[in-house]
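Next up, my_file27.cif (mmCIF, C-alpha atoms):
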```
data_query
#
loop_
_atom_site.label_atom_id
_atom_site.label_comp_id
_atom_site.auth_asym_id
_atom_site.auth_seq_id
_atom_site.Cartn_x
_atom_site.Cartn_y
_atom_site.Cartn_z
CA MET A 1 131.63 98.41 129.63
CA ILE A 2 133.16 101.80 128.82
CA LEU A 3 132.71 102.99 132.41
CA ARG A 4 134.43 99.85 133.72
CA ASP A 5 137.23 100.31 131.19
CA LEU A 6 137.82 103.89 132.32
CA ARG A 7 138.45 102.65 135.87
CA ASN A 8 141.28 100.50 134.53
CA PRO A 9 144.51 102.58 134.17
CA LEU A 10 145.68 100.49 131.19
CA LEU A 11 142.50 101.09 129.18
CA ARG A 12 141.94 104.64 130.44
CA ASN A 13 145.40 105.72 129.29
CA GLY A 14 145.06 103.72 126.08
CA TYR A 15 141.69 105.26 125.25
CA ALA A 16 142.99 108.75 126.04
CA LEU A 17 145.90 108.30 123.66
CA MET A 18 143.59 106.89 121.00
CA ALA A 19 141.29 109.88 121.46
CA ASN A 20 144.34 112.06 121.05
CA THR A 21 145.11 110.35 117.75
CA GLY A 22 141.52 110.90 116.63
CA ILE A 23 141.67 114.61 117.51
CA THR A 24 145.02 114.88 115.76
CA ALA A 25 143.58 113.22 112.66
CA VAL A 26 140.52 115.47 112.45
CA LEU A 27 142.37 118.71 113.14
CA GLY A 28 145.26 117.57 110.99
CA MET A 29 142.98 117.05 108.02
CA GLY A 30 141.49 120.50 108.61
CA TYR A 31 144.97 122.01 108.84
CA TRP A 32 146.24 120.41 105.64
CA LEU A 33 143.01 121.18 103.81
CA LEU A 34 143.52 124.87 104.66
CA ALA A 35 147.17 124.63 103.66
CA GLU A 36 146.27 123.06 100.32
CA HIS A 37 143.94 125.97 99.53
CA LEU A 38 146.11 128.78 100.91
CA TYR A 39 149.53 127.76 99.57
CA THR A 40 150.93 126.58 96.24
CA PRO A 41 151.31 122.82 95.61
CA GLU A 42 155.10 123.22 95.82
CA GLU A 43 154.91 125.05 99.17
CA PHE A 44 152.39 122.49 100.44
CA GLY A 45 154.84 119.68 99.71
CA ARG A 46 157.79 121.66 101.07
CA GLY A 47 155.95 122.26 104.33
CA GLN A 48 155.23 118.54 104.67
CA ALA A 49 158.88 117.71 103.99
CA LEU A 50 160.24 120.23 106.52
CA ILE A 51 157.92 118.96 109.24
CA THR A 52 158.86 115.35 108.46
CA VAL A 53 162.62 115.95 108.62
CA MET A 54 162.18 118.00 111.82
CA ARG A 55 160.38 115.04 113.36
CA LEU A 56 163.11 112.72 112.13
CA PHE A 57 165.85 114.55 114.04
CA SER A 58 163.63 115.19 117.06
CA SER A 59 163.02 111.47 117.36
CA LEU A 60 166.61 110.23 116.99
CA THR A 61 166.82 109.67 120.75
CA ALA A 62 163.31 110.70 121.80
CA LEU A 63 161.79 107.48 120.43
CA SER A 64 164.05 105.34 122.60
CA MET A 65 163.75 107.79 125.50
CA ALA A 66 159.96 107.49 125.25
CA GLY A 67 160.24 103.76 125.94
CA ALA A 68 162.58 104.39 128.87
CA LEU A 69 160.33 107.06 130.39
CA ALA A 70 157.26 104.86 130.03
CA LYS A 71 159.10 102.02 131.79
CA PHE A 72 160.96 103.88 134.56
CA ILE A 73 158.72 106.84 135.51
CA PRO A 74 156.22 104.55 137.30
CA ILE A 75 158.98 103.27 139.61
CA ALA A 76 161.31 106.30 139.82
CA GLY A 77 159.79 107.73 143.02
CA LYS A 78 161.59 110.89 144.15
CA ARG A 79 163.81 110.83 141.06
CA ILE A 80 160.95 111.39 138.60
CA PRO A 81 161.75 115.11 137.95
CA GLU A 82 165.43 114.29 137.42
CA LEU A 83 164.55 111.44 135.05
CA ILE A 84 162.24 113.67 132.98
CA LEU A 85 164.75 116.52 132.71
CA ARG A 86 167.57 114.16 131.75
CA GLY A 87 165.32 112.67 129.09
CA TYR A 88 164.51 116.09 127.67
CA GLY A 89 168.17 117.13 127.69
CA LEU A 90 169.63 114.00 126.13
CA ALA A 91 167.01 113.71 123.40
CA GLY A 92 167.22 117.42 122.57
CA ALA A 93 171.03 117.45 122.39
CA VAL A 94 171.19 114.46 120.06
CA GLY A 95 168.45 115.84 117.80
CA VAL A 96 170.02 119.29 117.46
CA THR A 97 173.47 117.82 116.79
CA ALA A 98 172.11 115.62 114.01
CA ALA A 99 170.16 118.56 112.57
CA VAL A 100 173.38 120.61 112.40
CA GLY A 101 174.91 117.84 110.29
CA PHE A 102 171.86 117.91 108.02
CA LEU A 103 172.15 121.69 107.53
CA LEU A 104 175.86 121.43 106.74
CA THR A 105 175.08 118.93 103.96
CA LEU A 106 171.89 120.67 102.78
CA PRO A 107 172.76 120.72 99.04
CA LEU A 108 172.76 116.92 99.04
CA TRP A 109 169.10 116.73 100.06
CA GLY A 110 167.50 118.30 96.99
CA GLU A 111 165.45 121.38 96.16
CA THR A 112 162.63 120.52 98.58
CA TYR A 113 164.70 121.85 101.50
CA SER A 114 165.91 125.03 99.79
CA TRP A 115 163.95 127.18 102.29
CA LEU A 116 166.62 126.37 104.89
CA GLY A 117 169.41 128.08 102.94
CA GLY A 118 170.12 130.94 105.37
CA LEU A 119 171.20 131.67 108.95
CA GLY A 120 167.75 132.75 110.16
CA PRO A 121 165.84 129.72 108.79
CA ASP A 122 168.64 127.41 109.95
CA LEU A 123 168.48 128.67 113.55
CA PHE A 124 164.69 128.46 113.47
CA PHE A 125 164.94 124.85 112.27
CA LEU A 126 167.34 123.91 115.08
CA GLY A 127 165.01 125.49 117.62
CA ALA A 128 162.10 123.62 116.07
CA VAL A 129 163.91 120.30 116.50
CA LEU A 130 164.52 121.01 120.18
CA VAL A 131 160.95 122.20 120.77
CA TRP A 132 159.37 119.22 119.05
CA THR A 133 161.58 116.80 121.01
CA VAL A 134 160.27 118.10 124.34
CA PHE A 135 156.71 118.38 123.00
CA THR A 136 156.78 114.70 122.00
CA LEU A 137 158.17 113.48 125.31
CA GLN A 138 155.59 115.46 127.31
CA ASP A 139 152.86 113.08 126.17
CA VAL A 140 154.93 110.07 127.28
CA VAL A 141 155.59 111.72 130.66
CA LEU A 142 151.87 112.29 131.23
CA THR A 143 151.17 108.68 130.22
CA GLY A 144 153.87 107.35 132.53
CA LEU A 145 152.27 109.32 135.37
CA ARG A 146 148.87 107.81 134.47
CA GLN A 147 147.59 111.22 133.35
CA ALA A 148 147.20 110.59 129.62
CA VAL A 149 143.69 112.07 129.83
CA TRP A 150 145.34 115.50 129.51
CA VAL A 151 147.06 114.64 126.23
CA PRO A 152 143.94 115.08 124.01
CA ALA A 153 143.24 118.50 125.56
CA ASN A 154 146.77 119.58 124.71
CA SER A 155 146.39 118.37 121.12
CA LEU A 156 143.02 120.10 120.74
CA VAL A 157 144.37 123.51 121.77
CA PHE A 158 147.57 123.00 119.77
CA GLY A 159 145.65 122.02 116.64
CA LEU A 160 143.28 124.98 116.78
CA VAL A 161 146.04 127.54 117.38
CA LYS A 162 148.09 125.98 114.61
CA MET A 163 145.23 126.32 112.13
CA GLY A 164 144.63 129.95 113.09
CA LEU A 165 148.30 130.83 112.63
CA LEU A 166 148.38 129.00 109.29
CA VAL A 167 145.65 131.29 107.97
CA ALA A 168 147.29 134.40 109.43
CA LEU A 169 150.63 133.65 107.78
CA ALA A 170 149.28 132.75 104.35
CA GLY A 171 149.66 136.31 103.04
CA ALA A 172 152.55 137.50 105.21
CA LEU A 173 154.76 134.43 104.76
CA PRO A 174 153.85 132.52 101.59
CA SER A 175 157.20 130.70 101.68
CA GLY A 176 157.79 128.82 104.93
CA GLY A 177 154.44 129.78 106.46
CA ILE A 178 153.33 126.17 106.90
CA PHE A 179 156.45 125.21 108.83
CA VAL A 180 156.39 128.35 110.99
CA SER A 181 152.69 127.90 111.82
CA TRP A 182 153.47 124.36 113.00
CA VAL A 183 156.42 125.27 115.23
CA ILE A 184 155.29 128.48 117.01
CA PRO A 185 152.24 126.93 118.77
CA THR A 186 154.42 123.99 119.80
CA ALA A 187 156.94 126.30 121.47
CA LEU A 188 154.19 128.27 123.23
CA ALA A 189 152.68 125.06 124.60
CA LEU A 190 155.87 123.94 126.36
CA ILE A 191 155.64 126.42 129.24
CA PRO A 192 152.13 125.71 130.61
CA ILE A 193 152.35 121.95 130.05
CA ASN A 194 155.67 121.55 131.83
CA TRP A 195 154.51 123.83 134.64
CA PHE A 196 151.53 121.52 135.01
CA ILE A 197 153.72 118.38 134.93
CA PHE A 198 156.35 119.52 137.43
CA GLY A 199 154.12 121.71 139.59
CA TYR A 200 151.09 119.46 139.93
CA VAL A 201 151.18 116.03 138.28
CA VAL A 202 154.54 114.82 139.60
CA PRO A 203 153.96 115.86 143.25
CA ARG A 204 150.44 114.37 143.16
CA HIS A 205 151.76 111.12 141.67
CA GLN A 206 154.46 110.87 144.35
CA ARG A 207 151.91 111.41 147.13
CA ASN A 208 149.41 108.91 145.76
CA ASN A 209 151.95 106.25 144.77
CA PRO A 210 154.50 106.01 147.60
CA THR A 211 157.14 103.40 146.94
CA THR A 212 159.78 101.82 149.10
CA ALA A 213 161.47 100.21 146.11
CA ARG A 214 164.89 101.41 145.08
CA PRO A 215 164.60 104.01 142.29
CA PRO A 216 166.24 102.95 139.03
CA ARG A 217 169.90 103.91 138.87
CA LEU A 218 171.39 105.80 135.94
CA ARG A 219 173.41 102.73 135.00
CA GLU A 220 170.24 100.63 134.87
CA ILE A 221 168.48 103.21 132.71
CA GLY A 222 171.58 103.49 130.53
CA ARG A 223 171.68 99.74 129.96
CA PHE A 224 168.04 99.78 128.94
CA LEU A 225 168.62 102.69 126.53
CA ALA A 226 171.69 101.01 125.05
CA GLY A 227 169.68 97.87 124.38
CA ASP A 228 166.54 99.65 123.22
CA TYR A 229 168.18 102.34 121.10
CA PRO A 230 169.17 100.25 118.04
CA GLY A 231 165.63 98.95 117.79
CA ALA A 232 164.09 102.37 118.37
CA LEU A 233 166.36 103.81 115.69
CA SER A 234 165.10 101.14 113.32
CA ILE A 235 161.48 102.06 113.98
CA LEU A 236 162.44 105.70 113.50
CA ALA A 237 163.70 104.81 110.04
CA ILE A 238 160.31 103.34 109.19
CA ILE A 239 158.28 106.30 110.44
CA TYR A 240 160.35 109.31 109.35
CA LEU A 241 163.35 108.27 107.24
CA VAL A 242 161.18 106.59 104.59
CA PRO A 243 159.17 109.74 103.72
CA THR A 244 162.35 111.86 103.94
CA LEU A 245 164.01 109.60 101.37
CA VAL A 246 160.90 109.73 99.19
CA SER A 247 161.12 113.54 99.28
CA THR A 248 164.59 113.34 97.71
CA GLN A 249 163.27 111.23 94.81
CA VAL A 250 160.20 113.27 93.81
CA GLY A 251 159.32 116.95 93.46
CA PRO A 252 157.64 118.96 96.25
CA ALA A 253 154.17 118.80 94.67
CA VAL A 254 154.25 115.00 94.24
CA PHE A 255 155.65 114.59 97.74
CA GLY A 256 152.79 116.67 99.13
CA ARG A 257 150.25 114.28 97.63
CA PHE A 258 152.20 111.22 98.81
CA SER A 259 152.64 112.68 102.29
CA MET A 260 148.93 113.28 102.80
CA ALA A 261 148.09 109.60 102.28
CA HIS A 262 151.15 108.56 104.30
CA THR A 263 150.21 110.85 107.19
CA LEU A 264 146.68 109.45 107.37
CA GLY A 265 148.06 105.91 107.28
CA CYS A 266 150.45 106.72 110.12
CA LEU A 267 147.58 108.13 112.19
CA ILE A 268 145.74 104.80 111.96
CA GLU A 269 148.96 103.01 112.91
CA GLY A 270 149.27 105.41 115.84
CA LEU A 271 146.11 103.94 117.35
CA ALA A 272 147.96 100.63 117.74
CA LEU A 273 151.00 102.35 119.22
CA ASN A 274 148.86 104.22 121.78
CA MET A 275 147.58 101.10 123.52
CA ALA A 276 151.10 99.66 123.42
CA VAL A 277 152.56 102.65 125.30
CA SER A 278 149.90 102.30 127.99
CA LEU A 279 150.72 98.59 128.22
CA THR A 280 154.40 99.36 128.89
CA VAL A 281 153.44 101.73 131.72
CA GLU A 282 151.09 99.25 133.38
CA GLY A 283 153.61 96.44 132.88
CA SER A 284 156.05 98.44 135.00
CA PHE A 285 153.43 99.29 137.65
CA LYS A 286 152.08 95.72 137.91
CA PRO A 287 154.41 93.11 136.33
CA ALA A 288 152.28 90.24 137.64
CA GLN A 289 149.33 91.39 135.52
CA LEU A 290 151.26 91.70 132.26
CA ALA A 291 149.59 88.74 130.53
CA ASP A 292 146.11 89.86 131.52
CA ASN A 293 146.84 93.42 130.40
CA CYS A 294 148.20 92.16 127.08
CA ARG A 295 144.97 90.28 126.44
CA ARG A 296 142.91 93.34 127.36
CA ALA A 297 145.03 95.57 125.11
CA LEU A 298 144.64 93.23 122.14
CA ARG A 299 140.87 92.90 122.54
CA ARG A 300 140.25 96.62 122.88
CA ALA A 301 142.72 97.59 120.15
CA TYR A 302 141.10 95.30 117.58
CA THR A 303 137.59 96.31 118.68
CA ILE A 304 138.44 99.92 117.81
CA LEU A 305 140.78 99.39 114.87
CA VAL A 306 138.89 96.88 112.74
CA PRO A 307 135.97 99.27 112.03
CA VAL A 308 138.42 102.14 111.40
CA ILE A 309 140.39 100.03 108.92
CA ALA A 310 137.22 98.81 107.21
CA VAL A 311 135.98 102.38 106.73
CA THR A 312 139.39 103.43 105.41
CA LEU A 313 139.46 100.60 102.86
CA LEU A 314 136.02 101.55 101.57
CA ALA A 315 136.26 105.33 101.78
CA ALA A 316 139.95 106.01 101.02
CA PRO A 317 139.20 107.70 97.65
CA LEU A 318 136.50 109.89 99.19
CA ILE A 319 138.73 110.86 102.13
CA LEU A 320 141.58 111.92 99.85
CA MET A 321 139.19 113.54 97.37
CA ILE A 322 138.69 116.28 99.98
CA PHE A 323 142.14 117.53 99.00
CA GLY A 324 141.63 117.10 95.26
CA GLN A 325 141.37 114.49 92.51
CA GLU A 326 145.15 114.13 92.20
CA PHE A 327 145.43 113.25 95.89
CA ALA A 328 142.82 110.50 95.45
CA ASP A 329 144.39 109.18 92.24
CA GLU A 330 147.92 108.97 93.66
CA GLY A 331 147.22 108.09 97.30
CA THR A 332 144.26 105.70 97.51
CA THR A 333 146.23 102.46 97.11
CA LEU A 334 148.94 103.64 99.50
CA LEU A 335 146.41 104.56 102.20
CA ARG A 336 144.58 101.23 101.84
CA LEU A 337 147.80 99.23 102.09
CA MET A 338 148.95 101.16 105.16
CA ALA A 339 145.56 100.62 106.82
CA LEU A 340 145.74 96.86 106.21
CA ALA A 341 149.28 96.77 107.60
CA VAL A 342 147.95 97.98 110.97
CA LEU A 343 146.26 94.60 111.60
CA PRO A 344 149.55 92.69 112.02
CA ARG A 345 151.18 95.77 113.55
CA VAL A 346 148.89 95.51 116.61
CA LEU A 347 150.30 92.06 117.40
CA ILE A 348 153.86 93.31 116.92
CA GLU A 349 153.39 96.37 119.15
CA VAL A 350 151.76 94.42 121.99
CA TYR A 351 154.64 91.93 121.84
CA LEU A 352 157.24 94.72 121.84
CA SER A 353 155.55 96.44 124.77
CA ALA A 354 155.56 93.21 126.75
CA LEU A 355 159.28 92.80 126.07
CA ARG A 356 159.88 96.43 127.07
CA ALA A 357 157.94 96.02 130.31
CA GLN A 358 159.99 92.88 131.07
CA GLY A 359 163.24 94.73 130.32
CA GLN A 360 164.20 92.34 127.49
CA ALA A 361 166.06 94.98 125.51
CA ARG A 362 168.12 92.56 123.42
CA ARG A 363 165.13 90.68 122.04
CA LEU A 364 163.27 93.97 121.65
CA ALA A 365 166.09 95.37 119.51
CA PHE A 366 166.31 92.17 117.47
CA VAL A 367 162.63 92.28 116.48
CA GLN A 368 162.63 96.02 115.75
CA ILE A 369 165.81 95.90 113.67
CA GLY A 370 164.55 92.90 111.74
CA LEU A 371 161.27 94.67 110.98
CA ALA A 372 163.05 97.82 109.83
CA VAL A 373 165.45 95.91 107.58
CA LEU A 374 162.57 94.04 105.96
CA ILE A 375 160.54 97.21 105.37
CA LEU A 376 163.38 99.36 104.06
CA SER A 377 164.79 96.67 101.77
CA SER A 378 161.39 95.80 100.33
CA ILE A 379 160.62 99.47 99.67
CA LEU A 380 163.98 99.96 97.92
CA VAL A 381 163.35 96.91 95.73
CA LEU A 382 159.77 97.86 94.88
CA PHE A 383 160.16 101.64 94.47
CA PRO A 384 161.39 101.53 90.83
CA ILE A 385 158.37 99.36 89.97
CA ALA A 386 155.56 100.68 92.16
CA GLY A 387 156.68 104.24 92.93
CA VAL A 388 155.34 105.68 96.18
CA GLU A 389 152.96 102.73 96.57
CA ALA A 390 156.06 100.65 97.36
CA VAL A 391 155.90 102.16 100.84
CA GLY A 392 152.51 100.56 101.45
CA TRP A 393 153.48 97.19 99.99
CA GLY A 394 156.72 97.15 101.97
CA LEU A 395 154.89 97.84 105.24
CA LEU A 396 152.14 95.27 104.65
CA VAL A 397 154.33 92.36 103.53
CA SER A 398 157.03 92.95 106.14
CA GLU A 399 154.65 93.36 109.07
CA LEU A 400 152.67 90.25 108.10
CA LEU A 401 155.90 88.26 108.04
CA VAL A 402 157.17 89.56 111.40
CA ALA A 403 153.75 89.09 113.03
CA ALA A 404 153.79 85.45 111.88
CA LEU A 405 157.31 84.96 113.28
CA ILE A 406 156.59 86.42 116.73
CA TYR A 407 153.10 84.96 117.10
CA GLY A 408 154.28 81.85 118.97
CA GLU A 409 156.20 83.90 121.56
CA LEU A 410 153.28 86.30 121.95
CA ARG A 411 150.93 83.39 122.65
CA LYS A 412 153.24 82.24 125.45
CA ILE A 413 153.06 85.70 127.03
CA LEU A 414 149.27 85.76 126.69
CA ARG A 415 148.89 82.30 128.31
CA ILE A 416 150.89 83.21 131.43
CA GLY A 417 148.55 83.19 134.41
CA GLN A 418 145.53 81.94 132.46
CA SER A 419 145.32 78.88 134.65
CA GLU A 420 144.73 81.25 137.57
CA GLN A 421 141.77 82.93 135.88
CA PRO A 422 138.19 82.03 136.84
CA ILE A 423 136.29 79.75 134.53
CA VAL A 424 133.94 82.56 133.53
CA THR A 425 136.05 85.16 131.74
CA GLN A 426 135.72 88.62 133.25
CA ARG A 427 135.07 91.36 130.77
CA SER A 428 136.66 94.69 131.53
#
```
Show me, as structure tokens, the structure contained in the file I just sent.
Amino acid sequence: MILRDLRNPLLRNGYALMANTGITAVLGMGYWLLAEHLYTPEEFGRGQALITVMRLFSSLTALSMAGALAKFIPIAGKRIPELILRGYGLAGAVGVTAAVGFLLTLPLWGETYSWLGGLGPDLFFLGAVLVWTVFTLQDVVLTGLRQAVWVPANSLVFGLVKMGLLVALAGALPSGGIFVSWVIPTALALIPINWFIFGYVVPRHQRNNPTTARPPRLREIGRFLAGDYPGALSILAIIYLVPTLVSTQVGPAVFGRFSMAHTLGCLIEGLALNMAVSLTVEGSFKPAQLADNCRRALRRAYTILVPVIAVTLLAAPLILMIFGQEFADEGTTLLRLMALAVLPRVLIEVYLSALRAQGQARRLAFVQIGLAVLILSSILVLFPIAGVEAVGWGLLVSELLVAALIYGELRKILRIGQSEQPIVTQRS
């Protein structure tokens, strides 16, 4: 079955991105385990917070641009290089501009971000935002070109270099070393990866996938971005704004323990997002097969995720105990709740990807905004009562509710074309 799956671009790309998430999880745990032993608890938490807020600004437009690239790269033809470069430029400019505003209001964000109080660190932070924006979009570009198999290799090299630099900087840069060790390997990776994309992958894709269709116009892409952006911004708030706000309410050491459980929970959620991105790409390549691909994506996603979630529910204390008893005491419930929330999130992400592939930006934004409002409001209500565990409860309750609301529409998408299927279901 696996060999058949790997011949299917939808599943091959989806599996590659899931493998990338697995590599990221393993190396990430190794990285943070080293950081926890080499740096003080306060510096550990500060490093987590700086990386989170960097990702927040990097994703302000990149998250929406990722959806646009996944949709339009497959049909852009000769305009693929232009589309990629415009995506990099727009996302980077927005992220850096927002980061400048953050630095100008730095005293309002609490002591956790005190490391940024100088010209040198500020310039480094702005560069980091730009670098991470491009680094994030590279993976989407490779997926849109049906070359996601290269993404895990990139993450493997990046993770190993990052860990080596973390150790090297522990004595030389005890304050800020975590953040610097994260950014430098990212910047170094941009040159070879983009050389590979523009020098090899794009020309090969254009040769192997000739198209006579009209390439998407800038106005068409702009309309899609305008419709998708509010929803993407809402999802951004869930992924990065929530932990950033938590960092303003607790000290660096407490945030470090919260962030470790939150990061692991997000990695499990990332497995659902991976298959969804691949679904958007294949929905653009072959719109007629959207329903069939949605069914395949759901089956394979749950086949992989259910065992992962079950192991997480049982072993959450042991996983977090690797970092120390306090991590297990304060993060077990949060990690379990976030793992459970992935079950309804799979349905939501497959539905959103189907809407994105169909170009239904208005409905896409409506669902994403509604989900974000539910999550953020429930966390705000529960935080005084449940503390950091409110994040897990907010995600679980809100995603269950939204999954129930969209289930009827998702079933309609899944039934399209079923009457044309053979009586004996083909397994792929």
Quiz item: Mind telling me what the PyMOL selection byres ((chain A and resi 377-391) around 8) catches here, as a ChimeraX atom specification?
Solution: /A:242,246,258,331,333-334,373-376,392-395,398
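Relative to atom CA of A:Ile235, atom CA of A:Val311 is found at 26.5 Å.
Going from atom CA of A:Phe44 to atom CA of A:Gly256 covers 6.0 Å.
The list of residues within 12 Å of (154.6, 89.1, 110.0), counted using only C-alpha atoms, is Ala341, Val342, Leu343, Pro344, Arg345, Val346, Leu347, Ile348, Glu349, Val367, Gly370, Leu371, Leu374, Ile375, Gly394, Leu395, Leu396, Val397, Ser398, Glu399, Leu400, Leu401, Val402, Ala403, Ala404, Leu405, Ile406, Tyr407 and Gly408 of chain A.
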Suppose we keep C-alpha atoms; can you now write the selection as a PDB file, in the coordinates of the input?
```pdb
ATOM      1  CA  ALA A 341     149.280  96.770 107.600  1.00  0.00           C
ATOM      2  CA  VAL A 342     147.950  97.980 110.970  1.00  0.00           C
ATOM      3  CA  LEU A 343     146.260  94.600 111.600  1.00  0.00           C
ATOM      4  CA  PRO A 344     149.550  92.690 112.020  1.00  0.00           C
ATOM      5  CA  ARG A 345     151.180  95.770 113.550  1.00  0.00           C
ATOM      6  CA  VAL A 346     148.890  95.510 116.610  1.00  0.00           C
ATOM      7  CA  LEU A 347     150.300  92.060 117.400  1.00  0.00           C
ATOM      8  CA  ILE A 348     153.860  93.310 116.920  1.00  0.00           C
ATOM      9  CA  GLU A 349     153.390  96.370 119.150  1.00  0.00           C
ATOM     10  CA  VAL A 367     162.630  92.280 116.480  1.00  0.00           C
ATOM     11  CA  GLY A 370     164.550  92.900 111.740  1.00  0.00           C
ATOM     12  CA  LEU A 371     161.270  94.670 110.980  1.00  0.00           C
ATOM     13  CA  LEU A 374     162.570  94.040 105.960  1.00  0.00           C
ATOM     14  CA  ILE A 375     160.540  97.210 105.370  1.00  0.00           C
ATOM     15  CA  GLY A 394     156.720  97.150 101.970  1.00  0.00           C
ATOM     16  CA  LEU A 395     154.890  97.840 105.240  1.00  0.00           C
ATOM     17  CA  LEU A 396     152.140  95.270 104.650  1.00  0.00           C
ATOM     18  CA  VAL A 397     154.330  92.360 103.530  1.00  0.00           C
ATOM     19  CA  SER A 398     157.030  92.950 106.140  1.00  0.00           C
ATOM     20  CA  GLU A 399     154.650  93.360 109.070  1.00  0.00           C
ATOM     21  CA  LEU A 400     152.670  90.250 108.100  1.00  0.00           C
ATOM     22  CA  LEU A 401     155.900  88.260 108.040  1.00  0.00           C
ATOM     23  CA  VAL A 402     157.170  89.560 111.400  1.00  0.00           C
ATOM     24  CA  ALA A 403     153.750  89.090 113.030  1.00  0.00           C
ATOM     25  CA  ALA A 404     153.790  85.450 111.880  1.00  0.00           C
ATOM     26  CA  LEU A 405     157.310  84.960 113.280  1.00  0.00           C
ATOM     27  CA  ILE A 406     156.590  86.420 116.730  1.00  0.00           C
ATOM     28  CA  TYR A 407     153.100  84.960 117.100  1.00  0.00           C
ATOM     29  CA  GLY A 408     154.280  81.850 118.970  1.00  0.00           C
TER      30      GLY A 408
END
```
Exercise. Return as a ChimeraX atom specification the set of residues that the PyMOL selection byres ((chain A and resi 38) around 12) yields on the displayed structure.
Key: /A:31-37,39-44,163,166-175,177-178
Would you output that residue set with C-alpha atoms, as a tab-separated table (two decimals), in the coordinates of the input?
```tsv
chain	number	residue	atom	x	y	z
A	31	TYR	CA	144.97	122.01	108.84
A	32	TRP	CA	146.24	120.41	105.64
A	33	LEU	CA	143.01	121.18	103.81
A	34	LEU	CA	143.52	124.87	104.66
A	35	ALA	CA	147.17	124.63	103.66
A	36	GLU	CA	146.27	123.06	100.32
A	37	HIS	CA	143.94	125.97	99.53
A	39	TYR	CA	149.53	127.76	99.57
A	40	THR	CA	150.93	126.58	96.24
A	41	PRO	CA	151.31	122.82	95.61
A	42	GLU	CA	155.10	123.22	95.82
A	43	GLU	CA	154.91	125.05	99.17
A	44	PHE	CA	152.39	122.49	100.44
A	163	MET	CA	145.23	126.32	112.13
A	166	LEU	CA	148.38	129.00	109.29
A	167	VAL	CA	145.65	131.29	107.97
A	168	ALA	CA	147.29	134.40	109.43
A	169	LEU	CA	150.63	133.65	107.78
A	170	ALA	CA	149.28	132.75	104.35
A	171	GLY	CA	149.66	136.31	103.04
A	172	ALA	CA	152.55	137.50	105.21
A	173	LEU	CA	154.76	134.43	104.76
A	174	PRO	CA	153.85	132.52	101.59
A	175	SER	CA	157.20	130.70	101.68
A	177	GLY	CA	154.44	129.78	106.46
A	178	ILE	CA	153.33	126.17	106.90
```
Show me the residues around (169.7, 116.9, 123.7) - criterion: an atom at most 10 Å away, all atoms listed in the file counted - as a PDB file with C-alpha atoms, in the coordinates of the input.
```pdb
ATOM      1  CA  SER A  58     163.630 115.190 117.060  1.00  0.00           C
ATOM      2  CA  LEU A  60     166.610 110.230 116.990  1.00  0.00           C
ATOM      3  CA  THR A  61     166.820 109.670 120.750  1.00  0.00           C
ATOM      4  CA  ALA A  62     163.310 110.700 121.800  1.00  0.00           C
ATOM      5  CA  ARG A  86     167.570 114.160 131.750  1.00  0.00           C
ATOM      6  CA  GLY A  87     165.320 112.670 129.090  1.00  0.00           C
ATOM      7  CA  TYR A  88     164.510 116.090 127.670  1.00  0.00           C
ATOM      8  CA  GLY A  89     168.170 117.130 127.690  1.00  0.00           C
ATOM      9  CA  LEU A  90     169.630 114.000 126.130  1.00  0.00           C
ATOM     10  CA  ALA A  91     167.010 113.710 123.400  1.00  0.00           C
ATOM     11  CA  GLY A  92     167.220 117.420 122.570  1.00  0.00           C
ATOM     12  CA  ALA A  93     171.030 117.450 122.390  1.00  0.00           C
ATOM     13  CA  VAL A  94     171.190 114.460 120.060  1.00  0.00           C
ATOM     14  CA  GLY A  95     168.450 115.840 117.800  1.00  0.00           C
ATOM     15  CA  VAL A  96     170.020 119.290 117.460  1.00  0.00           C
ATOM     16  CA  THR A  97     173.470 117.820 116.790  1.00  0.00           C
ATOM     17  CA  VAL A 129     163.910 120.300 116.500  1.00  0.00           C
ATOM     18  CA  LEU A 130     164.520 121.010 120.180  1.00  0.00           C
ATOM     19  CA  THR A 133     161.580 116.800 121.010  1.00  0.00           C
ATOM     20  CA  VAL A 134     160.270 118.100 124.340  1.00  0.00           C
TER      21      VAL A 134
END
```
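Residue nearest A:Ala357 within the list A:Leu137, A:Leu104, A:Leu233, A:Pro74: A:Pro74 [criterion: smallest interatomic distance, only C-alpha atoms].
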